[in-house]
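Below is start-v3.txt, which holds compact mmCIF, C-alpha atoms.
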```txt
# COMPACT_ATOMS: atom_id res chain seq x y z
CA MET A 1 13.65 28.79 25.71
CA THR A 2 10.63 30.64 24.30
CA LYS A 3 7.49 30.83 26.42
CA GLY A 4 5.41 29.12 23.79
CA VAL A 5 1.68 29.23 23.11
CA ALA A 6 -0.77 28.23 25.83
CA ILE A 7 -2.91 25.09 25.56
CA THR A 8 -6.09 25.64 27.57
CA GLY A 9 -8.38 22.81 26.44
CA MET A 10 -8.28 19.32 24.95
CA GLY A 11 -10.79 16.83 23.55
CA ILE A 12 -10.36 13.36 22.10
CA ILE A 13 -12.16 10.24 20.94
CA SER A 14 -10.20 7.16 19.91
CA ALA A 15 -10.21 3.39 20.07
CA ILE A 16 -9.10 3.55 23.72
CA GLY A 17 -11.59 6.08 25.02
CA ASN A 18 -14.27 8.66 24.36
CA SER A 19 -12.69 11.42 26.46
CA VAL A 20 -9.33 12.71 27.65
CA GLU A 21 -9.76 10.90 30.96
CA GLU A 22 -10.67 7.56 29.36
CA ASN A 23 -7.71 7.76 26.99
CA PHE A 24 -5.28 8.46 29.81
CA HIS A 25 -6.55 5.60 31.95
CA SER A 26 -6.19 3.22 29.01
CA LEU A 27 -2.61 4.36 28.44
CA ILE A 28 -1.54 3.80 32.02
CA GLU A 29 -3.49 0.57 32.44
CA ASN A 30 -2.37 -1.05 29.16
CA LYS A 31 -5.88 -1.20 27.73
CA ILE A 32 -5.39 -1.45 23.98
CA GLY A 33 -7.98 -0.59 21.33
CA ILE A 34 -6.73 -2.90 18.57
CA SER A 35 -9.34 -5.43 17.45
CA ARG A 36 -11.05 -6.97 14.43
CA ILE A 37 -13.17 -4.66 12.27
CA SER A 38 -16.84 -4.47 13.23
CA ASN A 39 -18.20 -1.20 11.75
CA ILE A 40 -17.10 -1.74 8.13
CA SER A 41 -18.04 -4.55 5.77
CA THR A 42 -14.76 -5.56 4.15
CA VAL A 43 -13.14 -8.72 2.82
CA HIS A 44 -10.18 -7.93 5.06
CA ALA A 45 -12.21 -8.11 8.29
CA ASP A 46 -10.72 -11.41 9.39
CA VAL A 47 -7.23 -10.67 8.11
CA ILE A 48 -6.17 -7.42 9.79
CA LYS A 49 -6.64 -5.66 13.11
CA VAL A 50 -7.53 -1.98 13.51
CA GLY A 51 -7.99 0.65 16.19
CA GLU A 52 -11.73 1.17 15.80
CA ILE A 53 -14.00 3.49 17.77
CA LYS A 54 -16.71 1.17 19.02
CA LYS A 55 -19.58 3.51 18.21
CA THR A 56 -21.82 3.16 15.21
CA ASN A 57 -22.74 6.15 13.07
CA ASP A 58 -26.26 6.02 14.48
CA GLU A 59 -24.86 6.26 18.00
CA LEU A 60 -22.70 9.22 17.01
CA ILE A 61 -25.70 10.94 15.40
CA ALA A 62 -27.71 10.48 18.59
CA GLU A 63 -24.88 11.79 20.77
CA LEU A 64 -24.51 14.91 18.62
CA GLU A 65 -28.30 15.31 18.39
CA LEU A 66 -28.16 15.65 14.62
CA ASN A 67 -31.23 15.57 12.40
CA SER A 68 -31.99 12.24 10.77
CA ASP A 69 -31.47 13.77 7.31
CA ASN A 70 -27.98 15.15 8.12
CA ASN A 71 -25.04 14.70 5.75
CA PHE A 72 -22.27 14.34 8.33
CA SER A 73 -19.51 11.89 7.47
CA ARG A 74 -18.09 9.74 10.25
CA THR A 75 -14.93 11.87 10.20
CA ALA A 76 -17.01 15.03 10.72
CA MET A 77 -18.93 13.45 13.59
CA ILE A 78 -15.94 12.26 15.60
CA GLY A 79 -14.19 15.56 14.84
CA THR A 80 -17.15 17.53 16.15
CA LEU A 81 -17.28 15.47 19.34
CA ALA A 82 -13.58 16.04 20.06
CA ALA A 83 -13.73 19.76 19.22
CA LYS A 84 -16.74 20.28 21.48
CA GLN A 85 -14.92 18.54 24.32
CA ALA A 86 -11.89 20.79 23.83
CA VAL A 87 -13.97 23.99 23.84
CA GLU A 88 -15.81 22.89 26.97
CA ASN A 89 -12.56 21.89 28.65
CA ALA A 90 -11.17 25.36 27.93
CA GLY A 91 -14.19 26.93 29.63
CA ILE A 92 -15.23 28.81 26.50
CA THR A 93 -18.83 30.02 26.61
CA ASN A 94 -18.64 32.58 23.79
CA ILE A 95 -16.72 31.10 20.88
CA ASN A 96 -16.61 34.43 19.01
CA GLU A 97 -15.65 36.64 21.95
CA PHE A 98 -12.08 36.88 20.64
CA ARG A 99 -10.55 36.46 17.19
CA THR A 100 -10.96 32.71 16.96
CA GLY A 101 -10.07 30.28 14.20
CA LEU A 102 -10.34 26.58 13.50
CA ILE A 103 -7.67 24.59 11.68
CA SER A 104 -8.75 21.00 11.13
CA ALA A 105 -6.64 18.25 9.63
CA THR A 106 -7.86 15.23 7.69
CA SER A 107 -6.72 12.88 4.96
CA VAL A 108 -9.82 10.72 4.51
CA GLY A 109 -12.47 13.41 4.79
CA GLY A 110 -15.93 12.04 3.98
CA MET A 111 -14.71 9.01 2.06
CA ASP A 112 -16.97 6.72 4.09
CA MET A 113 -20.07 8.50 2.73
CA THR A 114 -18.74 8.44 -0.83
CA GLU A 115 -18.18 4.69 -0.58
CA LYS A 116 -21.70 4.22 0.67
CA HIS A 117 -23.54 6.30 -1.92
CA TYR A 118 -21.28 6.61 -4.95
CA TYR A 119 -23.10 4.18 -7.24
CA ASP A 120 -26.51 5.61 -6.36
CA TYR A 121 -25.84 9.34 -6.84
CA PHE A 122 -27.16 9.49 -10.39
CA GLU A 123 -30.24 7.35 -9.77
CA LYS A 124 -31.40 8.80 -6.47
CA PRO A 125 -31.46 12.61 -6.40
CA GLU A 126 -32.06 12.62 -2.64
CA LEU A 127 -28.51 11.31 -2.15
CA VAL A 128 -26.83 14.22 -3.93
CA LYS A 129 -26.51 16.04 -0.59
CA TYR A 130 -23.84 13.53 0.42
CA ILE A 131 -21.50 14.55 -2.41
CA THR A 132 -20.37 17.70 -0.62
CA CYS A 133 -19.27 15.81 2.49
CA HIS A 134 -16.61 13.98 0.46
CA ASP A 135 -14.29 16.98 0.52
CA GLY A 136 -11.87 17.25 3.45
CA GLY A 137 -12.81 20.89 3.92
CA ASP A 138 -16.38 19.90 4.68
CA VAL A 139 -15.20 18.35 7.97
CA ALA A 140 -13.85 21.69 9.18
CA GLU A 141 -16.98 23.54 8.01
CA LYS A 142 -19.22 21.09 9.85
CA ILE A 143 -17.19 21.41 13.07
CA ALA A 144 -17.21 25.21 12.86
CA GLU A 145 -20.96 25.24 12.28
CA GLU A 146 -21.62 23.03 15.31
CA LEU A 147 -19.36 25.22 17.46
CA GLY A 148 -21.00 28.39 16.17
CA LEU A 149 -17.59 29.69 15.10
CA LYS A 150 -17.67 32.57 12.62
CA GLY A 151 -13.93 33.27 12.29
CA MET A 152 -11.20 31.75 10.14
CA VAL A 153 -11.78 28.12 9.13
CA SER A 154 -9.12 26.15 7.31
CA THR A 155 -8.14 22.57 6.48
CA ILE A 156 -4.70 20.99 6.30
CA SER A 157 -4.01 17.69 4.56
CA THR A 158 -0.36 16.65 4.56
CA ALA A 159 -0.98 12.93 5.07
CA CYS A 160 -0.03 11.63 8.52
CA SER A 161 1.63 14.88 9.61
CA SER A 162 -1.58 16.88 9.00
CA ALA A 163 -2.56 17.53 12.61
CA ALA A 164 1.00 18.47 13.56
CA ASN A 165 0.93 21.14 10.87
CA SER A 166 -2.49 22.26 12.10
CA ILE A 167 -1.10 22.78 15.61
CA MET A 168 1.98 24.46 14.19
CA LEU A 169 -0.02 26.90 12.08
CA GLY A 170 -2.33 27.69 14.98
CA ALA A 171 0.61 28.49 17.24
CA ARG A 172 2.18 30.72 14.58
CA LEU A 173 -1.09 32.62 14.02
CA ILE A 174 -1.22 33.43 17.73
CA LYS A 175 2.48 34.30 18.03
CA THR A 176 2.23 36.70 15.09
CA GLY A 177 -0.91 38.35 16.45
CA LYS A 178 -3.18 37.23 13.61
CA LEU A 179 -5.60 35.42 15.94
CA ASP A 180 -6.19 35.32 19.69
CA ARG A 181 -7.45 31.76 19.90
CA VAL A 182 -7.22 28.79 17.54
CA ILE A 183 -8.86 25.37 17.83
CA VAL A 184 -6.42 22.93 16.24
CA GLY A 185 -6.34 19.20 15.64
CA GLY A 186 -7.51 16.54 13.27
CA ALA A 187 -9.92 13.71 12.53
CA ASP A 188 -9.91 10.63 10.34
CA ALA A 189 -12.40 7.77 10.29
CA LEU A 190 -11.69 4.31 8.97
CA SER A 191 -12.89 3.57 5.46
CA LYS A 192 -12.55 0.88 2.83
CA PHE A 193 -10.42 3.31 0.85
CA THR A 194 -7.71 3.50 3.51
CA ILE A 195 -7.89 -0.19 4.36
CA ASN A 196 -7.56 -1.23 0.71
CA GLY A 197 -4.92 1.39 0.01
CA PHE A 198 -2.63 0.41 2.86
CA LYS A 199 -3.24 -3.25 2.08
CA THR A 200 -2.01 -2.58 -1.46
CA LEU A 201 1.12 -0.95 -0.05
CA MET A 202 1.72 -4.16 1.91
CA ILE A 203 2.44 -2.35 5.16
CA LEU A 204 -0.49 -3.62 7.25
CA SER A 205 0.16 -6.12 10.01
CA ASP A 206 -2.07 -9.14 10.51
CA ASP A 207 -1.18 -8.99 14.20
CA TYR A 208 -0.61 -6.32 16.85
CA ASN A 209 1.90 -3.70 15.69
CA LYS A 210 5.38 -3.74 17.27
CA PRO A 211 7.12 -0.35 16.91
CA PHE A 212 10.92 -0.38 16.88
CA ASP A 213 11.02 -4.17 17.14
CA ASN A 214 13.43 -5.96 14.85
CA ASN A 215 10.62 -8.32 13.79
CA ARG A 216 7.95 -5.67 13.18
CA LYS A 217 5.61 -6.50 10.31
CA GLY A 218 3.63 -3.34 9.72
CA LEU A 219 0.96 -1.03 11.12
CA ASN A 220 -2.59 -1.31 12.37
CA LEU A 221 -4.84 1.41 10.97
CA GLY A 222 -6.96 3.36 13.43
CA GLU A 223 -9.56 6.11 13.59
CA ALA A 224 -9.67 9.03 16.00
CA ALA A 225 -10.17 12.74 16.46
CA ALA A 226 -8.53 15.19 18.82
CA PHE A 227 -8.49 18.96 19.17
CA LEU A 228 -6.64 21.41 21.36
CA VAL A 229 -7.49 25.01 22.19
CA LEU A 230 -4.54 27.37 21.79
CA GLU A 231 -4.88 30.82 23.34
CA SER A 232 -2.79 33.97 23.61
CA ASP A 233 -1.28 35.03 26.90
CA GLU A 234 -3.56 38.07 26.82
CA ILE A 235 -6.65 35.82 27.01
CA VAL A 236 -5.01 33.62 29.66
CA GLU A 237 -4.25 36.64 31.84
CA LYS A 238 -7.56 38.40 31.22
CA GLN A 239 -9.64 35.35 32.11
CA ASN A 240 -7.20 33.85 34.62
CA LYS A 241 -7.21 30.57 32.69
CA LYS A 242 -5.47 27.37 33.61
CA VAL A 243 -2.70 26.49 31.16
CA LEU A 244 -2.40 22.75 30.58
CA ALA A 245 0.97 23.02 28.79
CA ARG A 246 2.57 25.06 26.02
CA VAL A 247 3.50 24.51 22.40
CA SER A 248 7.12 25.60 22.74
CA GLY A 249 8.65 24.31 19.52
CA TYR A 250 7.70 23.15 16.06
CA GLY A 251 9.29 22.40 12.74
CA ASN A 252 8.48 20.74 9.45
CA ALA A 253 10.46 19.61 6.45
CA ASN A 254 10.00 17.63 3.28
CA ASP A 255 12.80 15.40 2.05
CA ALA A 256 10.82 14.51 -1.13
CA PHE A 257 12.49 11.10 -0.99
CA HIS A 258 9.57 8.95 -2.15
CA GLN A 259 5.79 9.09 -2.53
CA THR A 260 5.13 6.71 0.37
CA ALA A 261 8.51 5.97 1.98
CA SER A 262 10.73 8.00 4.29
CA SER A 263 14.41 8.57 3.65
CA GLU A 264 16.44 5.66 5.00
CA ASN A 265 18.73 8.19 6.67
CA GLY A 266 15.82 10.09 8.18
CA ASP A 267 16.65 13.35 6.40
CA GLY A 268 13.19 14.92 6.70
CA ALA A 269 12.72 13.76 10.29
CA TYR A 270 16.13 15.10 11.28
CA LEU A 271 15.45 18.51 9.71
CA ALA A 272 12.01 18.78 11.35
CA MET A 273 13.41 17.98 14.80
CA LYS A 274 16.34 20.34 14.30
CA LYS A 275 13.97 23.19 13.40
CA ALA A 276 11.72 22.47 16.40
CA PHE A 277 14.71 22.78 18.72
CA GLU A 278 15.68 26.07 17.10
CA VAL A 279 12.17 27.49 17.57
CA SER A 280 11.93 26.34 21.19
CA GLY A 281 15.44 27.33 22.21
CA LEU A 282 15.78 23.95 23.90
CA LYS A 283 18.65 21.54 23.57
CA PRO A 284 18.00 17.87 22.72
CA SER A 285 19.29 16.92 26.18
CA GLN A 286 16.43 18.86 27.79
CA ILE A 287 13.75 16.56 26.32
CA ASP A 288 12.39 14.15 28.93
CA TYR A 289 10.23 11.99 26.67
CA ILE A 290 9.87 11.43 22.93
CA ASN A 291 6.54 10.29 21.57
CA VAL A 292 7.88 8.77 18.38
CA HIS A 293 5.87 8.41 15.19
CA GLY A 294 6.63 4.69 15.50
CA THR A 295 4.25 3.14 12.99
CA ALA A 296 5.95 -0.29 13.17
CA THR A 297 6.59 -0.40 9.44
CA PRO A 298 10.10 -1.50 8.42
CA ASN A 299 10.77 1.81 6.68
CA ASN A 300 9.40 4.29 9.23
CA ASP A 301 11.09 2.94 12.33
CA LEU A 302 14.42 2.62 10.57
CA SER A 303 14.18 6.18 9.25
CA GLU A 304 13.03 7.70 12.53
CA GLY A 305 15.60 5.77 14.55
CA ARG A 306 18.43 6.99 12.37
CA ALA A 307 17.12 10.56 12.61
CA LEU A 308 17.10 10.32 16.41
CA ARG A 309 20.66 9.00 16.34
CA ARG A 310 21.69 11.97 14.17
CA ILE A 311 20.06 14.45 16.56
CA TYR A 312 21.59 12.91 19.69
CA GLU A 313 24.85 11.80 18.05
CA ASP A 314 26.77 9.69 20.58
CA LYS A 315 24.70 10.89 23.54
CA LYS A 316 21.88 8.99 25.25
CA VAL A 317 18.48 9.24 23.57
CA PRO A 318 15.74 10.14 26.11
CA ASP A 319 12.98 7.72 27.04
CA PHE A 320 10.86 7.14 23.96
CA SER A 321 7.83 5.11 22.98
CA SER A 322 5.11 4.85 20.38
CA THR A 323 1.49 4.89 21.51
CA LYS A 324 0.25 3.37 18.25
CA PRO A 325 0.03 -0.16 19.75
CA PHE A 326 -2.84 1.31 21.79
CA THR A 327 -4.73 3.23 19.10
CA GLY A 328 -3.43 2.11 15.74
CA HIS A 329 -2.15 4.65 13.23
CA THR A 330 -4.89 7.25 12.96
CA LEU A 331 -3.41 9.01 9.91
CA ALA A 332 -4.20 12.75 9.89
CA ALA A 333 -5.42 12.59 13.50
CA ALA A 334 -2.23 10.94 14.78
CA ALA A 335 -0.35 14.09 15.77
CA ALA A 336 -3.45 15.50 17.46
CA ILE A 337 -4.14 12.50 19.68
CA GLU A 338 -0.44 12.23 20.45
CA ALA A 339 -0.38 15.93 21.32
CA VAL A 340 -3.05 15.19 23.92
CA TYR A 341 -0.98 12.25 25.16
CA SER A 342 2.11 14.46 25.33
CA VAL A 343 0.32 17.05 27.45
CA LEU A 344 -0.99 14.29 29.73
CA SER A 345 2.55 12.96 30.03
CA ILE A 346 3.69 16.38 31.28
CA GLN A 347 0.74 16.79 33.63
CA ASN A 348 1.12 13.34 35.17
CA ASN A 349 4.89 12.84 34.88
CA VAL A 350 4.69 9.54 33.03
CA VAL A 351 6.29 7.85 30.06
CA TYR A 352 3.92 5.47 28.29
CA PRO A 353 4.98 1.92 27.44
CA ASN A 354 5.90 0.88 23.91
CA LEU A 355 3.79 -2.27 23.88
CA ASN A 356 4.65 -5.53 22.09
CA PHE A 357 8.39 -4.79 21.92
CA GLU A 358 10.65 -7.85 22.16
CA THR A 359 13.83 -7.54 20.10
CA GLN A 360 16.04 -4.50 19.53
CA MET A 361 16.51 -3.46 15.91
CA GLU A 362 19.84 -4.59 14.51
CA GLU A 363 20.58 -1.27 12.78
CA PHE A 364 21.14 0.78 15.96
CA ASP A 365 21.30 0.64 19.74
CA LEU A 366 17.85 2.04 20.58
CA THR A 367 15.36 0.43 22.94
CA PRO A 368 11.97 2.02 23.68
CA GLN A 369 10.49 2.27 27.14
CA THR A 370 8.45 -0.92 27.53
CA SER A 371 6.65 -0.31 30.82
CA LEU A 372 4.91 2.66 32.40
CA LYS A 373 7.54 4.92 33.96
CA ASN A 374 6.99 7.62 36.55
CA THR A 375 9.53 10.40 36.20
CA THR A 376 9.72 14.18 36.00
CA ILE A 377 8.49 15.38 32.61
CA GLU A 378 8.91 19.01 31.58
CA HIS A 379 9.45 18.76 27.83
CA VAL A 380 8.02 16.24 25.37
CA LEU A 381 8.97 15.94 21.70
CA SER A 382 6.37 14.41 19.39
CA ASN A 383 7.10 13.29 15.82
CA SER A 384 4.66 12.83 12.93
CA PHE A 385 5.71 11.82 9.44
CA GLY A 386 3.53 11.49 6.37
CA PHE A 387 3.58 10.22 2.81
CA GLY A 388 5.31 12.43 0.31
CA GLY A 389 8.12 13.19 2.76
CA ASN A 390 5.97 15.42 5.00
CA CYS A 391 7.80 15.42 8.35
CA SER A 392 6.73 17.47 11.38
CA THR A 393 7.88 17.76 14.97
CA LEU A 394 6.21 19.43 17.93
CA ILE A 395 7.66 20.19 21.36
CA PHE A 396 5.35 20.58 24.34
CA SER A 397 6.52 22.10 27.61
CA LYS A 398 5.29 22.50 31.16
CA SER A 399 3.60 25.83 31.69
```
Would you kindly transcribe this structure into structure tokens?
Amino acid sequence: MTKGVAITGMGIISAIGNSVEENFHSLIENKIGISRISNISTVHADVIKVGEIKKTNDELIAELELNSDNNFSRTAMIGTLAAKQAVENAGITNINEFRTGLISATSVGGMDMTEKHYYDYFEKPELVKYITCHDGGDVAEKIAEELGLKGMVSTISTACSSAANSIMLGARLIKTGKLDRVIVGGADALSKFTINGFKTLMILSDDYNKPFDNNRKGLNLGEAAAFLVLESDEIVEKQNKKVLARVSGYGNANDAFHQTASSENGDGAYLAMKKAFEVSGLKPSQIDYINVHGTATPNNDLSEGRALRRIYEDKKVPDFSSTKPFTGHTLAAAAAIEAVYSVLSIQNNVVYPNLNFETQMEEFDLTPQTSLKNTTIEHVLSNSFGFGGNCSTLIFSKS
């Protein structure tokens, strides 16, 4: 097994908490964040449930102490909050002391601001400043500016695997000696665009999502942001830093099966997991917990389940669960918040419950863990799959 890249800080804001501690307590106390929509005016408000952060934009502005004339999108604000938490948690006081980069993932970007001002841009010149925040790259630039970071800044947008690829790239930049420290993660806020888009795809549930259940109806959208601080062993040793866990394996693949559907045989998922094991040097039998992508759509759970069966063949699949019944599917932020949950699983030796599960899928003999389980956790595998066949897998290990 390779030593992996050190994780020294984490920050998160989601529907189940505004900090790492709040998120963990919600996970172990079955406090879900799925509810009716309250921050967005939409015709679907009484039809679907979402994982919404119960903070208004005005409250976020006040918390970040932004000027009243700022042009921060909601995605940029929650991303900045999570990134600041991660930097503080890592004990960083001089962000530019070492070669430091930021790789932020998003799929929605500043869509919420575009929706709000689009029809007024040409009539009210004072609103033109909001045009720039539409671009996904603006989120990363805003976060970097608030952190005072002057190094490499980049954005990744590979649909729902975006944050996994952000973490993967950050780890590779450190392993190859390109950077000493990388802040990695992702952020996505809810918007009418995503709600309407997923409604059109007919994969939204009108009830609580039920991953890997035979009677699953679809997903609940969510919004969240999470960032991790990755640092080289040289920094860890020089500053005698506490290592929360390590990114020991990673892999991505694209099966190019369909624009919005995964291969029914799980080809991309299988290849991503296989590559992650090769990078880590671990065997599938050494994984103690799998945080599955588990969106509760008919296609995803079938595809991921078959990929797991291919990886483990006729052997027992480790304890697995989806945490999306707690948070909803947070799109580009999903792999980042689930990375935080994976590290917390290792630190606290717990497997989270796959809520709402009732009936095993008829296609294979796989049953998720349905209650909180205390057990020794040294290695966690976390899957994230996105539209366009973008499949990514991360493996986190005890330091």
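With all atoms listed in the file as the basis for measurement, A:Pro318 is the residue among A:Pro318, A:Thr297, A:Lys142, A:Glu338 that approaches Thr375 (chain A) most closely.
Only residues having an atom at most 7 Å from (-8.6, 21.0, 10.2) are included; using only C-alpha atoms, these are Leu102, Ile103, Ser104, Ala105, Thr106, Ala140, Ser154, Thr155, Ile156, Ser166, Val184, Gly185 and Gly186 of chain A.
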Padding 5 Å on each side, edges along x, y and z: where is the centre of the box around the listed atoms of region 174-192 of chain A, and how long are its edges in Å to one decimal? Output it as AutoDock Vina command-line options.
```
--center_x -5.2 --center_y 19.6 --center_z 11.4 --size_x 25.4 --size_y 47.5 --size_z 27.1
```
Exercise. Find the residues near region 230-237 of chain A: any atom within 10 Å, counting only C-alpha atoms, skip ones fewer than 4 places away on the same chain, and give them as a ChimeraX atom specification.
Key: /A:3-10,90,98,100-101,167,170-171,173-175,177,179-184,241-243,245-247
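Distances from A:Val153, A:Ala163, A:Ala144, A:Leu27 to Ala332 (chain A) were compared using all atoms listed in the file, and the smallest one belongs to A:Ala163.
Nearest residue to Asp267 (chain A), choosing from A:Thr56, A:Asn240, A:Ser392, A:Gln286 and counting only C-alpha atoms: A:Ser392.
Using only C-alpha atoms, the shortest contact distance between Ile34 (chain A) and any of A:Glu52, A:Glu126, A:Glu21, A:Glu141 is found at A:Glu52.
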Exercise. Pick out the residues sitting within 10 Å of Gly11 (chain A), and hand them over as a PyMOL selection string; count only C-alpha atoms, and ignore anything fewer than 3 positions along from it in its own chain.
Key: chain A and resi 18-21+79-90+185+225-229+336-337+340
Self-check item: Given only C-alpha atoms as the counted atoms, nearest of A:Lys316, A:His44, A:Lys373, A:Arg99 to Leu149 (chain A)
Solution: A:Arg99
Practice problem: For a cut-off of 10 Å around (-12.6, 1.4, -0.7), file coordinates, pick out all residues using only C-alpha atoms and list them as a PyMOL selection string. | Solution: chain A and resi 42+111-112+114-116+191-197
Write a file of the just-selected residues containing C-alpha atoms, as a short mmCIF file (atom, residue, chain, number, x, y, z; two decimals), in the frame of the given file.
```cif
data_model
loop_
_atom_site.label_atom_id
_atom_site.label_comp_id
_atom_site.auth_asym_id
_atom_site.auth_seq_id
_atom_site.Cartn_x
_atom_site.Cartn_y
_atom_site.Cartn_z
CA THR A 42 -14.76 -5.56 4.15
CA MET A 111 -14.71 9.01 2.06
CA ASP A 112 -16.97 6.72 4.09
CA THR A 114 -18.74 8.44 -0.83
CA GLU A 115 -18.18 4.69 -0.58
CA LYS A 116 -21.70 4.22 0.67
CA SER A 191 -12.89 3.57 5.46
CA LYS A 192 -12.55 0.88 2.83
CA PHE A 193 -10.42 3.31 0.85
CA THR A 194 -7.71 3.50 3.51
CA ILE A 195 -7.89 -0.19 4.36
CA ASN A 196 -7.56 -1.23 0.71
CA GLY A 197 -4.92 1.39 0.01
#
```
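Minimum distance to Asp135 (chain A) across A:Asn349, A:Thr158, A:Thr75, A:Ser322 (counting all atoms listed in the file) occurs at A:Thr75.
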Self-check item: For Asn390 (chain A): contacts at 9 Å, all atoms listed in the file, fewer than 3 positions along chain excluded, given as an NGL selection string
Solution: :A and (158-162 or 252-256 or 262 or 268-269 or 384-387)
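Of note, CA of Asn94 (chain A) and CA of Gly148 (chain A) are spaced 9.0 Å apart.
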Exercise. Measure the distance from CA of Arg36 (chain A) to CA of Leu302 (chain A) in Å and round it to one decimal.
Key: 27.5 Å
